[in-house]
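structure13.json follows (JSON, C-alpha atoms):
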```json
[["chain", "number", "residue", "atom", "x", "y", "z"],
["A", 9, "MET", "CA", 53.68, 124.78, 138.81],
["A", 10, "GLY", "CA", 56.80, 122.61, 138.83],
["A", 11, "GLU", "CA", 59.89, 122.60, 136.67],
["A", 12, "PRO", "CA", 59.74, 123.73, 133.02],
["A", 13, "GLU", "CA", 59.10, 120.95, 130.55],
["A", 14, "THR", "CA", 61.27, 120.36, 127.50],
["A", 15, "SER", "CA", 58.81, 121.70, 124.91],
["A", 16, "TYR", "CA", 55.82, 123.99, 124.62],
["A", 17, "ASP", "CA", 52.54, 122.27, 125.36],
["A", 18, "HIS", "CA", 49.48, 124.31, 124.41],
["A", 19, "HIS", "CA", 47.15, 122.19, 126.53],
["A", 20, "ARG", "CA", 49.42, 122.49, 129.56],
["A", 21, "TYR", "CA", 49.44, 126.29, 129.31],
["A", 22, "ARG", "CA", 45.65, 126.43, 128.92],
["A", 23, "ARG", "CA", 45.31, 124.29, 132.04],
["A", 24, "LEU", "CA", 47.77, 126.42, 134.01],
["A", 25, "LEU", "CA", 45.99, 129.57, 132.91],
["A", 26, "ALA", "CA", 42.63, 128.15, 134.01],
["A", 27, "GLU", "CA", 44.15, 127.26, 137.39],
["A", 28, "ALA", "CA", 45.66, 130.74, 137.83],
["A", 29, "THR", "CA", 42.79, 132.21, 139.81],
["A", 30, "ASP", "CA", 44.75, 134.63, 141.97],
["A", 31, "GLU", "CA", 47.52, 137.14, 141.40],
["A", 32, "THR", "CA", 50.25, 134.94, 142.86],
["A", 33, "SER", "CA", 49.49, 131.99, 140.59],
["A", 34, "ARG", "CA", 49.18, 134.29, 137.56],
["A", 35, "LEU", "CA", 52.60, 135.79, 138.34],
["A", 36, "ARG", "CA", 54.07, 132.29, 138.65],
["A", 37, "LEU", "CA", 52.60, 131.42, 135.24],
["A", 38, "ILE", "CA", 54.09, 134.58, 133.70],
["A", 39, "ASP", "CA", 57.47, 133.74, 135.24],
["A", 40, "LEU", "CA", 57.26, 130.20, 133.84],
["A", 41, "LEU", "CA", 56.47, 131.48, 130.35],
["A", 42, "ILE", "CA", 59.39, 133.92, 130.50],
["A", 43, "ARG", "CA", 61.83, 131.24, 131.69],
["A", 44, "GLU", "CA", 60.77, 128.78, 129.00],
["A", 45, "LYS", "CA", 61.02, 131.38, 126.24],
["A", 46, "ALA", "CA", 64.55, 132.23, 127.43],
["A", 47, "ARG", "CA", 65.44, 128.54, 127.33],
["A", 48, "ASP", "CA", 64.21, 128.29, 123.73],
["A", 49, "ARG", "CA", 66.25, 131.32, 122.66],
["A", 50, "LEU", "CA", 69.33, 129.83, 124.32],
["A", 51, "GLU", "CA", 68.81, 126.53, 122.50],
["A", 52, "ALA", "CA", 68.39, 128.37, 119.18],
["A", 53, "GLN", "CA", 71.63, 130.26, 119.85],
["A", 54, "ARG", "CA", 73.46, 127.02, 120.64],
["A", 55, "ALA", "CA", 72.15, 125.43, 117.44],
["A", 56, "SER", "CA", 73.34, 128.44, 115.44],
["A", 57, "ASP", "CA", 76.76, 128.24, 117.07],
["A", 58, "ARG", "CA", 76.99, 124.52, 116.26],
["A", 59, "ARG", "CA", 76.14, 125.19, 112.60],
["A", 60, "ALA", "CA", 78.76, 127.95, 112.36],
["A", 61, "MET", "CA", 81.40, 125.78, 114.02],
["A", 62, "THR", "CA", 80.56, 122.90, 111.66],
["A", 63, "ALA", "CA", 80.84, 125.21, 108.65],
["A", 64, "GLU", "CA", 84.16, 126.50, 109.95],
["A", 65, "THR", "CA", 85.47, 122.94, 110.39],
["A", 66, "VAL", "CA", 84.31, 121.91, 106.92],
["A", 67, "ALA", "CA", 85.98, 125.00, 105.44],
["A", 68, "LYS", "CA", 89.24, 124.12, 107.18],
["A", 69, "VAL", "CA", 89.10, 120.51, 106.01],
["A", 70, "LEU", "CA", 88.15, 121.34, 102.41],
["A", 71, "GLY", "CA", 90.24, 124.49, 102.15],
["A", 72, "THR", "CA", 89.14, 127.67, 100.43],
["A", 73, "ASN", "CA", 90.22, 126.66, 96.91],
["A", 74, "VAL", "CA", 87.54, 124.03, 96.30],
["A", 75, "PRO", "CA", 86.35, 124.32, 92.67],
["A", 76, "GLY", "CA", 82.79, 125.59, 92.42],
["A", 77, "SER", "CA", 82.63, 126.63, 96.05],
["A", 78, "LYS", "CA", 81.52, 130.08, 97.10],
["A", 79, "PRO", "CA", 83.84, 131.95, 99.45],
["A", 80, "PHE", "CA", 82.50, 132.63, 102.90],
["A", 81, "THR", "CA", 83.71, 134.10, 106.15],
["A", 82, "ILE", "CA", 83.14, 133.24, 109.78],
["A", 83, "LYS", "CA", 82.53, 136.41, 111.78],
["A", 84, "VAL", "CA", 83.08, 136.25, 115.54],
["A", 85, "LEU", "CA", 80.58, 138.53, 117.30],
["A", 86, "SER", "CA", 81.30, 140.48, 120.48],
["A", 87, "SER", "CA", 79.27, 137.89, 122.41],
["A", 88, "GLY", "CA", 81.72, 135.21, 121.24],
["A", 89, "ARG", "CA", 79.18, 133.65, 118.89],
["A", 90, "ARG", "CA", 80.25, 132.77, 115.36],
["A", 91, "GLU", "CA", 78.21, 133.74, 112.33],
["A", 92, "LEU", "CA", 78.58, 132.39, 108.80],
["A", 93, "ILE", "CA", 78.69, 135.18, 106.20]]
```
Go through the file and emit its structure as C-alpha cells.
Amino acid sequence: MGEPETSYDHHRYRRLLAEATDETSRLRLIDLLIREKARDRLEAQRASDRRAMTAETVAKVLGTNVPGSKPFTIKVLSSGRRELI
C-alpha cells in the first residue's frame, strides 16, 4: 500500500478498500488509516502550538498595557503544549 500521502484522498481510499480482498490487505488498510489520522492530529497540535507561541511573542512585544486590548494568559499544559486563555 506504500507510504502515507500528505492528504486524505477519498478516491484513493475507495480504491484501496476495493483492493482489500483478504484479511491481510484489510488489516494493512486499517493500519494505514490509523497512521494517517495520527499524523493529522499531530499536525493540528503543531499548528495550535505555533499559534500559541505567536500569541505569546506578540504579547511580549506589545506588552500587557496596550489600550483596548483584552488580557490573556498562556497556560503551559503537562504535555508541554501552550494554550491561549
CA of Arg20 (chain A) to CA of Asp39 (chain A), distance in Å rounded to a single decimal: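 According to the coordinates, CA of Arg20 (chain A) and CA of Asp39 (chain A) are separated by 15.0 Å.
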Students should find that CA of Thr65 (chain A) and CA of Arg47 (chain A) are spaced 26.8 Å
Counting all atoms listed in the file, what is within 12 Å of region 50-57 of chain A, bar same-chain residues fewer than 6 positions away, as a ChimeraX atom specification? /A:14-15,43-44,63-64,82-85,87-92
